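Q: Provided herewith: entry-v7.cif, mmCIF, C-alpha atoms.
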data_entry
#
loop_
_atom_site.label_atom_id
_atom_site.label_comp_id
_atom_site.auth_asym_id
_atom_site.auth_seq_id
_atom_site.Cartn_x
_atom_site.Cartn_y
_atom_site.Cartn_z
CA PHE A 1 -15.42 -42.24 -99.04
CA PRO A 2 -13.51 -43.95 -96.21
CA LYS A 3 -11.46 -46.30 -98.43
CA ILE A 4 -9.85 -43.46 -100.38
CA LYS A 5 -6.46 -42.25 -99.16
CA GLN A 6 -5.51 -38.78 -100.27
CA THR A 7 -3.03 -35.95 -99.74
CA ILE A 8 -4.60 -32.49 -99.58
CA ASN A 9 -2.59 -29.27 -99.63
CA ILE A 10 -3.96 -26.17 -97.90
CA THR A 11 -2.03 -22.91 -98.14
CA PRO A 12 -1.57 -21.12 -94.81
CA CYS A 13 -3.10 -17.87 -96.05
CA LEU A 14 -6.22 -19.84 -97.01
CA MET A 15 -6.32 -21.40 -93.52
CA GLU A 16 -6.15 -17.89 -92.09
CA GLN A 17 -8.99 -16.68 -94.33
CA ILE A 18 -11.18 -19.64 -93.29
CA ILE A 19 -10.51 -18.82 -89.62
CA ASP A 20 -11.30 -15.15 -90.26
CA TYR A 21 -14.66 -15.98 -91.85
CA THR A 22 -15.44 -18.35 -88.98
CA ASN A 23 -14.82 -15.40 -86.66
CA GLY A 24 -17.09 -13.00 -88.54
CA ALA A 25 -14.96 -11.56 -91.35
CA THR A 26 -16.94 -10.16 -94.27
CA ASP A 27 -16.57 -8.82 -97.83
CA ASP A 28 -18.61 -6.92 -100.43
CA PHE A 29 -20.41 -10.05 -101.68
CA LEU A 30 -21.33 -11.18 -98.17
CA ASP A 31 -22.43 -7.70 -97.08
CA ILE A 32 -24.76 -7.42 -100.08
CA THR A 33 -26.01 -10.97 -99.59
CA LYS A 34 -27.00 -10.14 -96.00
CA LYS A 35 -28.75 -6.88 -96.87
CA ILE A 36 -32.57 -6.99 -97.14
CA ALA A 37 -33.34 -7.04 -100.86
CA LYS A 38 -35.88 -4.19 -100.85
CA GLU A 39 -33.33 -1.93 -99.10
CA LEU A 40 -30.62 -2.39 -101.76
CA THR A 41 -29.51 0.76 -103.58
CA LYS A 42 -29.46 1.00 -107.37
CA ASP A 43 -25.66 0.65 -107.35
CA GLU A 44 -25.88 -2.46 -105.16
CA ARG A 45 -28.49 -4.00 -107.47
CA ILE A 46 -26.18 -3.31 -110.43
CA PHE A 47 -23.29 -4.92 -108.50
CA ILE A 48 -25.47 -8.03 -108.06
CA LEU A 49 -26.43 -8.17 -111.75
CA LYS A 50 -22.77 -7.76 -112.70
CA ASN A 51 -21.18 -10.20 -110.25
CA PHE A 52 -23.71 -12.75 -109.03
CA PHE A 53 -23.52 -14.81 -112.22
CA MET A 54 -19.83 -15.55 -111.55
CA ALA A 55 -20.32 -19.29 -111.83
CA ASN A 56 -19.71 -21.81 -114.59
CA PRO A 57 -22.81 -21.34 -116.81
CA GLU A 58 -22.84 -24.96 -118.00
CA THR A 59 -22.51 -26.69 -114.63
CA MET A 60 -23.63 -24.14 -112.03
CA ILE A 61 -26.36 -22.06 -113.71
CA ALA A 62 -27.99 -24.09 -116.50
CA PRO A 63 -29.07 -27.03 -114.25
CA TYR A 64 -31.28 -24.69 -112.18
CA PRO A 65 -34.29 -23.26 -114.10
CA ARG A 66 -34.74 -20.09 -112.05
CA TYR A 67 -31.02 -19.21 -112.08
CA GLN A 68 -30.88 -19.93 -115.81
CA GLU A 69 -33.96 -17.75 -116.42
CA LEU A 70 -32.36 -14.80 -114.60
CA PHE A 71 -29.12 -15.31 -116.52
CA ARG A 72 -30.94 -15.31 -119.85
CA ARG A 73 -32.73 -12.11 -118.91
CA ARG A 74 -29.48 -10.38 -118.04
CA GLY A 75 -27.57 -11.92 -120.94
CA TRP A 76 -23.82 -12.24 -121.40
CA ARG A 77 -23.28 -8.49 -121.55
CA ALA A 78 -22.30 -6.97 -118.20
CA ASP A 79 -20.93 -3.46 -118.78
CA ASP A 80 -22.15 -0.75 -116.40
CA ASN A 81 -24.11 1.32 -118.95
CA TYR A 82 -26.06 -1.72 -120.10
CA LEU A 83 -26.75 -2.85 -116.52
CA LYS A 84 -27.98 0.63 -115.56
CA ARG A 85 -30.54 0.37 -118.37
CA ILE A 86 -31.84 -3.09 -117.52
CA GLU A 87 -31.67 -2.87 -113.71
CA PRO A 88 -35.27 -1.53 -113.36
CA LEU A 89 -36.55 -4.63 -115.20
CA PHE A 90 -35.62 -6.83 -112.23
CA THR A 91 -38.04 -6.94 -109.31
CA THR A 92 -37.03 -7.18 -105.66
CA SER A 93 -37.98 -10.86 -105.79
CA ASP A 94 -35.76 -11.37 -108.88
CA ILE A 95 -32.78 -9.79 -107.14
CA ARG A 96 -33.34 -11.82 -103.95
CA ASP A 97 -33.60 -15.05 -105.95
CA LEU A 98 -30.40 -14.17 -107.81
CA VAL A 99 -28.54 -13.57 -104.53
CA VAL A 100 -29.77 -16.88 -103.11
CA TRP A 101 -28.94 -18.85 -106.24
CA PHE A 102 -25.45 -17.40 -106.55
CA ASN A 103 -24.65 -18.48 -102.98
CA LEU A 104 -26.47 -21.80 -103.39
CA SER A 105 -24.61 -22.70 -106.59
CA TRP A 106 -21.29 -22.61 -104.74
CA ILE A 107 -22.40 -25.07 -102.04
CA SER A 108 -20.66 -28.45 -102.24
CA PRO A 109 -22.71 -31.28 -103.80
CA TYR A 110 -22.20 -33.21 -100.55
CA PHE A 111 -24.23 -30.67 -98.58
CA ARG A 112 -26.84 -30.42 -101.34
CA GLN A 113 -27.41 -34.15 -100.87
CA HIS A 114 -27.16 -34.40 -97.07
CA ASN A 115 -28.14 -31.02 -95.56
CA GLU A 116 -31.94 -30.95 -95.15
CA LYS A 117 -32.18 -27.14 -95.06
CA ILE A 118 -30.19 -26.75 -98.27
CA LYS A 119 -32.19 -29.54 -99.90
CA HIS A 120 -35.34 -27.58 -98.97
CA LEU A 121 -34.04 -24.46 -100.76
CA LEU A 122 -33.07 -26.45 -103.85
CA LYS A 123 -36.54 -28.00 -103.96
CA LYS A 124 -38.22 -24.62 -103.54
CA GLY A 125 -36.24 -23.34 -106.53
CA GLY A 126 -37.30 -19.70 -106.42
CA ASN A 127 -39.51 -17.01 -104.92
CA PHE A 128 -37.23 -17.11 -101.89
CA SER A 129 -37.99 -15.10 -98.75
CA GLU A 130 -35.59 -13.15 -96.57
CA GLU A 131 -35.95 -16.02 -94.10
CA ASP A 132 -34.82 -18.49 -96.79
CA LYS A 133 -31.81 -16.32 -97.54
CA GLN A 134 -30.88 -16.07 -93.85
CA LEU A 135 -31.19 -19.84 -93.51
CA LEU A 136 -28.67 -20.24 -96.36
CA ILE A 137 -26.29 -17.71 -94.77
CA ASP A 138 -26.47 -19.56 -91.45
CA GLU A 139 -25.82 -22.96 -93.05
CA THR A 140 -22.93 -21.56 -95.10
CA GLU A 141 -21.30 -20.20 -91.95
CA LYS A 142 -21.66 -23.61 -90.30
CA ILE A 143 -20.08 -25.32 -93.31
CA VAL A 144 -17.12 -22.90 -93.33
CA SER A 145 -16.55 -23.56 -89.63
CA GLN A 146 -16.35 -27.32 -90.33
CA VAL A 147 -13.68 -27.17 -93.05
CA LEU A 148 -10.47 -27.19 -91.01
CA PRO A 149 -11.79 -29.42 -88.16
CA LYS A 150 -12.93 -32.00 -90.76
CA HIS A 151 -9.46 -32.07 -92.35
CA LYS A 152 -7.89 -32.49 -88.90
CA GLU A 153 -10.32 -35.30 -88.06
CA LEU A 154 -9.53 -37.21 -91.27
CA GLN A 155 -5.79 -36.69 -90.82
CA ASP A 156 -5.98 -37.93 -87.22
CA LYS A 157 -7.78 -41.05 -88.52
CA GLY A 158 -4.97 -41.67 -91.00
CA GLN A 159 -7.20 -41.37 -94.06
CA ILE A 160 -5.60 -38.20 -95.44
CA GLU A 161 -2.34 -36.33 -95.10
CA VAL A 162 -2.63 -32.55 -95.06
CA THR A 163 0.38 -30.69 -96.41
CA THR A 164 0.95 -26.98 -96.67
CA SER A 165 2.87 -24.31 -98.60
CA PRO A 166 4.97 -21.25 -97.76
CA TYR A 167 2.75 -18.75 -95.94
CA TYR A 168 1.70 -16.20 -98.59
CA HIS A 169 2.26 -18.62 -101.51
CA PRO A 170 5.47 -16.96 -102.83
CA ILE A 171 7.57 -18.47 -105.63
CA LEU A 172 10.40 -19.62 -103.36
CA PRO A 173 13.26 -19.91 -105.89
CA LEU A 174 12.63 -16.35 -107.14
CA LEU A 175 12.36 -15.04 -103.58
CA ILE A 176 15.80 -16.53 -102.88
CA ASP A 177 17.33 -15.20 -106.12
CA THR A 178 15.56 -13.98 -109.26
CA ASN A 179 18.56 -15.01 -111.39
CA ILE A 180 17.68 -18.68 -110.79
CA ALA A 181 15.15 -18.29 -113.63
CA THR A 182 17.97 -18.57 -116.19
CA VAL A 183 18.67 -22.17 -115.14
CA GLY A 184 15.29 -23.40 -116.40
CA MET A 185 14.84 -20.71 -119.09
CA PRO A 186 18.25 -19.56 -120.40
CA SER A 187 16.69 -16.92 -122.70
CA VAL A 188 14.42 -15.36 -120.05
CA VAL A 189 14.49 -11.57 -119.64
CA LEU A 190 15.34 -10.82 -116.01
CA PRO A 191 14.35 -7.75 -113.97
CA LYS A 192 16.92 -4.93 -114.11
CA THR A 193 17.34 -5.16 -110.34
CA ARG A 194 18.33 -8.56 -109.01
CA PHE A 195 16.29 -9.65 -105.96
CA CYS A 196 17.86 -11.95 -103.35
CA GLN A 197 16.08 -12.48 -100.04
CA PRO A 198 16.64 -16.06 -98.81
CA GLU A 199 15.74 -14.88 -95.28
CA ASP A 200 12.26 -13.92 -96.53
CA ALA A 201 11.86 -17.35 -98.10
CA GLU A 202 12.69 -19.06 -94.82
CA ILE A 203 10.27 -16.81 -92.91
CA GLN A 204 7.51 -17.76 -95.36
CA ILE A 205 8.26 -21.44 -94.72
CA LYS A 206 8.47 -21.02 -90.92
CA ASN A 207 5.26 -18.96 -90.68
CA GLY A 208 3.36 -21.46 -92.80
CA LEU A 209 4.50 -24.40 -90.72
CA GLU A 210 3.74 -22.59 -87.43
CA LEU A 211 0.13 -21.93 -88.48
CA TYR A 212 -0.24 -25.52 -89.67
CA GLU A 213 0.95 -26.85 -86.30
CA LYS A 214 -1.38 -24.48 -84.44
CA ILE A 215 -4.40 -25.78 -86.38
CA PHE A 216 -3.53 -29.47 -86.76
CA GLY A 217 -1.70 -30.06 -83.48
CA LYS A 218 1.31 -31.66 -85.18
CA LYS A 219 4.16 -30.74 -87.47
CA SER A 220 3.68 -30.95 -91.23
CA LYS A 221 5.88 -33.55 -92.92
CA GLY A 222 5.07 -32.51 -96.49
CA MET A 223 5.06 -29.29 -98.48
CA TRP A 224 3.83 -28.25 -101.91
CA PRO A 225 6.16 -25.38 -102.89
CA SER A 226 4.02 -22.62 -104.40
CA GLU A 227 3.17 -23.44 -108.05
CA GLY A 228 5.49 -26.45 -107.72
CA SER A 229 8.46 -24.10 -108.20
CA VAL A 230 11.67 -25.63 -106.89
CA SER A 231 15.43 -25.14 -106.99
CA SER A 232 18.42 -26.62 -105.20
CA ASP A 233 18.48 -23.52 -102.97
CA ILE A 234 15.15 -24.35 -101.33
CA VAL A 235 16.32 -27.78 -100.12
CA PRO A 236 18.25 -26.56 -97.04
CA LEU A 237 15.41 -24.19 -96.11
CA VAL A 238 12.70 -26.84 -96.12
CA ALA A 239 14.89 -29.60 -94.67
CA LYS A 240 16.09 -27.67 -91.63
CA ASN A 241 12.49 -26.69 -90.87
CA GLY A 242 11.44 -30.32 -90.57
CA ILE A 243 9.92 -30.97 -94.00
CA ASN A 244 10.40 -34.60 -95.01
CA TRP A 245 9.02 -34.46 -98.56
CA ILE A 246 8.04 -32.01 -101.28
CA ALA A 247 6.08 -32.44 -104.51
CA THR A 248 6.46 -30.83 -107.90
CA ASP A 249 5.83 -31.59 -111.59
CA GLU A 250 7.22 -34.30 -113.86
CA GLU A 251 8.67 -31.73 -116.27
CA ILE A 252 11.08 -30.62 -113.53
CA LEU A 253 12.26 -34.22 -113.16
CA PHE A 254 12.64 -34.87 -116.89
CA GLN A 255 14.57 -31.66 -117.46
CA THR A 256 16.84 -32.48 -114.50
CA LEU A 257 17.52 -36.04 -115.71
CA GLY A 258 17.67 -35.10 -119.37
CA GLU A 259 14.73 -37.43 -120.11
CA ILE A 260 12.53 -36.45 -123.06
CA ASN A 261 9.61 -38.37 -121.62
CA GLY A 262 9.87 -40.36 -118.43
CA SER A 263 6.26 -41.54 -118.24
CA ASN A 264 6.79 -44.39 -120.73
CA GLY A 265 6.87 -47.16 -118.16
CA ASN A 266 10.60 -47.08 -117.45
CA GLY A 267 10.08 -46.34 -113.77
CA VAL A 268 11.61 -42.87 -113.88
CA LEU A 269 8.48 -41.02 -112.81
CA TYR A 270 6.61 -43.27 -110.40
CA ARG A 271 9.08 -43.33 -107.53
CA PRO A 272 10.38 -40.95 -104.88
CA TYR A 273 13.77 -39.25 -105.14
CA ARG A 274 16.11 -38.02 -102.43
CA ILE A 275 17.46 -34.55 -103.17
CA ILE A 276 20.76 -33.83 -101.39
CA VAL A 277 22.30 -30.36 -101.11
CA GLY A 278 25.33 -30.24 -98.83
CA LYS A 279 24.37 -31.67 -95.42
CA TYR A 280 20.63 -31.24 -96.13
CA SER A 281 18.28 -33.59 -97.94
CA VAL A 282 14.58 -33.90 -98.70
CA ASN A 283 12.44 -36.47 -100.50
CA ALA A 284 10.66 -35.41 -103.68
CA VAL A 285 7.79 -36.87 -105.68
CA PHE A 286 6.76 -35.72 -109.15
CA ARG A 287 3.19 -35.63 -110.41
CA ASP A 288 2.06 -37.11 -113.73
CA HIS A 289 1.33 -33.89 -115.59
CA LYS A 290 -0.87 -35.39 -118.31
CA LEU A 291 -2.94 -37.46 -115.88
CA SER A 292 -3.33 -34.48 -113.56
CA ASP A 293 -4.68 -32.34 -116.42
CA LEU A 294 -7.02 -35.12 -117.57
CA ILE A 295 -8.50 -35.40 -114.06
CA GLY A 296 -8.72 -31.62 -113.69
CA PHE A 297 -9.98 -30.56 -117.10
CA VAL A 298 -11.15 -33.48 -119.28
CA TYR A 299 -12.74 -36.39 -117.40
CA HIS A 300 -15.61 -34.35 -115.96
CA LYS A 301 -16.87 -33.79 -119.52
CA MET A 302 -17.07 -37.53 -120.20
CA ASN A 303 -19.84 -39.86 -119.14
CA ALA A 304 -19.17 -41.94 -116.03
CA GLU A 305 -18.85 -45.32 -117.80
CA ASP A 306 -16.16 -44.03 -120.17
#
As C-alpha cells, what does this structure read like?

A:
Amino acid sequence: FPKIKQTINITPCLMEQIIDYTNGATDDFLDITKKIAKELTKDERIFILKNFFMANPETMIAPYPRYQELFRRRGWRADDNYLKRIEPLFTTSDIRDLVVWFNLSWISPYFRQHNEKIKHLLKKGGNFSEEDKQLLIDETEKIVSQVLPKHKELQDKGQIEVTTSPYYHPILPLLIDTNIATVGMPSVVLPKTRFCQPEDAEIQIKNGLELYEKIFGKKSKGMWPSEGSVSSDIVPLVAKNGINWIATDEEILFQTLGEINGSNGNGVLYRPYRIIVGKYSVNAVFRDHKLSDLIGFVYHKMNAED
C-alpha cells in the first residue's frame, strides 16, 4: 500500500530474535515441526495436541475445514490426562496435518495471497506429505529473513519511520526509581526495597539504539518507551542519546494538564508537545486511546462498509 505513511515500532530484543531465527535458532515448536511425523514420540504427539491449536479459533481455525475438524476432535479440553487418553485416536496423517495447519495459520495474509507455494498448500487443504511440510518450513524461513530488510527498504524510501524501544523492554521510570509510581498512583503499595538504577535505564536505551543503527544504517529519531511509561526523569536520558521524539498515551497528557477529556476537539490532544527538563528536551506525541482500542479490538468484527 504505497500511499500509506506509517510509523512502526520494533523492540530491539525482537530484532535480535528475528536475526537469531534467520541464523538457525530453534525452539520446541520448531523442533517438533521439523521432526518426521511417524517418528514422533507419544509425549511429542501430546505436546502437539496440547499446543498446536494456539490460534484464534474464530479467525485462524474455523475458516479452514481440516484444521476445524481436528480441533473439534480434540475439543476445548487440553489437560494431560485427557490428551493421553485421546492421543491414540489421531493417526500419523492427522498429526502431520495439524502441525502444517498450525504453522500455516500464522502466515501473513499477504503471503497467502502472493506466495505460490503457500497458495498450493492452502488449496490442498489436508493429507499433507513430509515434503509439503518441509516446503512450508523453507518458505517460513525465507519470510522471516525478509522482515527486517523490508522495513529498512520502506524506511529508506520514506514511506515508513521505524522507531524502537529500550533494549529488553523495561519500564524505564521504575528502573530509574520505583518510588515514581506514587506520582501517578498516590495510593499504590510500593516494594519494601526501593530500586533506583538510572544507569541501567540509560544502558537499555543505548543498547537498543546501537542495535537499531546496526540494522537500519542510521540513528533512530523516535522511541516508544516500553508500555508507553514515561516520567520527567527519562527525558534527559533519551534526549542526550539523540532521540528527537517519544510517544505515549493520551491519559498521561490529560492527567498532566488536569484535563478530564482532551479529545473533545479543543486541540489539546492532536498536536506535539515539547517536554523540557533542565537543559534537555524532547518532543512528545500522545495517542488517541479510544481510537487505538477501536482499531485494535473492535473494527475487525464489523463489516467493511460500516

Q: Taking all atoms listed in the file into account, produce a table as a Markdown table in which each residue of region 147-216 of chain A with an atom at most 12 Å from an atom of region 245-256 of chain A appears once, together with its shortest atom pair and the distance in Å to one decimal, ordered by chain and rising number.

A:
| residue | atom | partner | partner_atom | distance |
| --- | --- | --- | --- | --- |
| A:Thr163 | CA | A:Ile246 | CA | 9.2 |
| A:Thr164 | CA | A:Ile246 | CA | 9.8 |
| A:Ser165 | CA | A:Ile246 | CA | 9.7 |
| A:Pro166 | CA | A:Ile246 | CA | 11.7 |
| A:Val183 | CA | A:Thr256 | CA | 10.5 |
| A:Gly184 | CA | A:Gln255 | CA | 8.4 |
| A:Met185 | CA | A:Gln255 | CA | 11.1 |

Q: For Arg112 (chain A), which of A:Ser93, A:Ser145, A:Ser231, A:Thr140 is the closest residue, counting all atoms listed in the file?

A: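 Checking each candidate against Arg112 (chain A), we get A:Thr140 as the closest.
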
Q: Looking at only C-alpha atoms, which of A:Asp94, A:Lys290, A:Pro2, A:Phe102 is the one that sits closest to Pro57 (chain A)?

A: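 Distance minimum relative to Pro57 (chain A) lands on A:Phe102.
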
Q: One decimal, Å: what's the distance from CA of Gln146 (chain A) over to CA of Lys124 (chain A), could you say?

A: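 Atom-to-atom, CA of Gln146 (chain A) to CA of Lys124 (chain A), that is 25.7 Å.
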
Q: As JSON, please: the centre and edge lengths in Å, to one decimal, of an axis-aligned box enclosing every listed atom of region 269-273 of chain A with 5 Å added on each side.

A:
{"center_x": 10.2, "center_y": -41.3, "center_z": -108.8, "size_x": 17.2, "size_y": 14.1, "size_z": 17.9}

Q: Using all atoms listed in the file, pick whichever of A:Ile95, A:Leu172, A:Ile4, A:Ala25 has the shortest atom-to-atom distance to Lys38 (chain A).

A: A:Ile95

Q: Which residue out of A:Ile234, A:Asn283, A:Ile205, A:Gly222 has the minimum interatomic distance to Glu161 (chain A) when all atoms listed in the file are used?

A: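 Of A:Ile234, A:Asn283, A:Ile205, A:Gly222, the one nearest Glu161 (chain A), counting all atoms listed in the file, is A:Gly222.
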
Q: Since fewer atoms than expected are present, regenerate N, CA and C atoms for region 211-247 of chain A and write them as a tab-separated table (two decimals), in the coordinates of the input.

A:
chain	number	residue	atom	x	y	z
A	211	LEU	N	1.59	-21.97	-88.44
A	211	LEU	CA	0.13	-21.93	-88.48
A	211	LEU	C	-0.44	-23.33	-88.64
A	212	TYR	N	0.20	-24.14	-89.48
A	212	TYR	CA	-0.24	-25.52	-89.67
A	212	TYR	C	-0.25	-26.25	-88.33
A	213	GLU	N	0.84	-26.14	-87.58
A	213	GLU	CA	0.95	-26.85	-86.30
A	213	GLU	C	-0.10	-26.36	-85.31
A	214	LYS	N	-0.37	-25.06	-85.34
A	214	LYS	CA	-1.38	-24.48	-84.44
A	214	LYS	C	-2.76	-25.07	-84.73
A	215	ILE	N	-3.08	-25.28	-86.00
A	215	ILE	CA	-4.40	-25.78	-86.38
A	215	ILE	C	-4.50	-27.30	-86.25
A	216	PHE	N	-3.45	-28.01	-86.67
A	216	PHE	CA	-3.53	-29.47	-86.76
A	216	PHE	C	-2.88	-30.20	-85.58
A	217	GLY	N	-2.23	-29.45	-84.69
A	217	GLY	CA	-1.70	-30.06	-83.48
A	217	GLY	C	-0.50	-30.97	-83.71
A	218	LYS	N	0.12	-30.86	-84.87
A	218	LYS	CA	1.31	-31.66	-85.18
A	218	LYS	C	2.10	-30.94	-86.25
A	219	LYS	N	3.32	-31.37	-86.45
A	219	LYS	CA	4.16	-30.74	-87.47
A	219	LYS	C	3.84	-31.33	-88.85
A	220	SER	N	3.89	-30.48	-89.86
A	220	SER	CA	3.68	-30.95	-91.23
A	220	SER	C	4.93	-31.65	-91.72
A	221	LYS	N	4.75	-32.81	-92.36
A	221	LYS	CA	5.88	-33.55	-92.92
A	221	LYS	C	6.08	-33.22	-94.40
A	222	GLY	N	5.00	-32.75	-95.06
A	222	GLY	CA	5.07	-32.51	-96.49
A	222	GLY	C	4.80	-31.06	-96.85
A	223	MET	N	5.30	-30.66	-98.00
A	223	MET	CA	5.06	-29.29	-98.48
A	223	MET	C	4.93	-29.29	-100.00
A	224	TRP	N	3.94	-28.54	-100.48
A	224	TRP	CA	3.83	-28.25	-101.91
A	224	TRP	C	4.40	-26.86	-102.10
A	225	PRO	N	5.63	-26.72	-102.63
A	225	PRO	CA	6.16	-25.38	-102.89
A	225	PRO	C	5.22	-24.64	-103.85
A	226	SER	N	4.99	-23.39	-103.61
A	226	SER	CA	4.02	-22.62	-104.40
A	226	SER	C	4.24	-22.82	-105.89
A	227	GLU	N	3.15	-23.17	-106.60
A	227	GLU	CA	3.17	-23.44	-108.05
A	227	GLU	C	4.13	-24.56	-108.42
A	228	GLY	N	4.55	-25.36	-107.44
A	228	GLY	CA	5.49	-26.45	-107.72
A	228	GLY	C	6.87	-25.96	-108.11
A	229	SER	N	7.17	-24.69	-107.80
A	229	SER	CA	8.46	-24.10	-108.20
A	229	SER	C	9.56	-24.51	-107.22
A	230	VAL	N	10.61	-25.12	-107.75
A	230	VAL	CA	11.67	-25.63	-106.89
A	230	VAL	C	13.04	-25.26	-107.47
A	231	SER	N	14.03	-25.30	-106.59
A	231	SER	CA	15.43	-25.14	-106.99
A	231	SER	C	16.28	-25.80	-105.91
A	232	SER	N	17.54	-26.02	-106.20
A	232	SER	CA	18.42	-26.62	-105.20
A	232	SER	C	18.48	-25.75	-103.93
A	233	ASP	N	18.35	-24.44	-104.11
A	233	ASP	CA	18.48	-23.52	-102.97
A	233	ASP	C	17.38	-23.68	-101.93
A	234	ILE	N	16.22	-24.24	-102.32
A	234	ILE	CA	15.15	-24.35	-101.33
A	234	ILE	C	15.34	-25.57	-100.43
A	235	VAL	N	16.17	-26.52	-100.87
A	235	VAL	CA	16.32	-27.78	-100.12
A	235	VAL	C	16.77	-27.55	-98.68
A	236	PRO	N	17.86	-26.78	-98.43
A	236	PRO	CA	18.25	-26.56	-97.04
A	236	PRO	C	17.17	-25.87	-96.22
A	237	LEU	N	16.43	-24.95	-96.84
A	237	LEU	CA	15.41	-24.19	-96.11
A	237	LEU	C	14.26	-25.08	-95.65
A	238	VAL	N	13.81	-25.97	-96.52
A	238	VAL	CA	12.70	-26.84	-96.12
A	238	VAL	C	13.18	-27.95	-95.20
A	239	ALA	N	14.38	-28.47	-95.46
A	239	ALA	CA	14.89	-29.60	-94.67
A	239	ALA	C	15.14	-29.19	-93.22
A	240	LYS	N	15.77	-28.05	-93.01
A	240	LYS	CA	16.09	-27.67	-91.63
A	240	LYS	C	14.87	-27.21	-90.85
A	241	ASN	N	13.74	-27.03	-91.55
A	241	ASN	CA	12.49	-26.69	-90.87
A	241	ASN	C	11.57	-27.90	-90.73
A	242	GLY	N	12.15	-29.09	-90.90
A	242	GLY	CA	11.44	-30.32	-90.57
A	242	GLY	C	10.61	-30.93	-91.67
A	243	ILE	N	10.69	-30.40	-92.89
A	243	ILE	CA	9.92	-30.97	-94.00
A	243	ILE	C	10.62	-32.22	-94.51
A	244	ASN	N	9.85	-33.31	-94.59
A	244	ASN	CA	10.40	-34.60	-95.01
A	244	ASN	C	10.29	-34.81	-96.51
A	245	TRP	N	9.21	-34.25	-97.11
A	245	TRP	CA	9.02	-34.46	-98.56
A	245	TRP	C	8.34	-33.26	-99.21
A	246	ILE	N	8.67	-33.05	-100.48
A	246	ILE	CA	8.04	-32.01	-101.28
A	246	ILE	C	7.52	-32.64	-102.56
A	247	ALA	N	6.62	-31.95	-103.24
A	247	ALA	CA	6.08	-32.44	-104.51
A	247	ALA	C	6.20	-31.35	-105.56
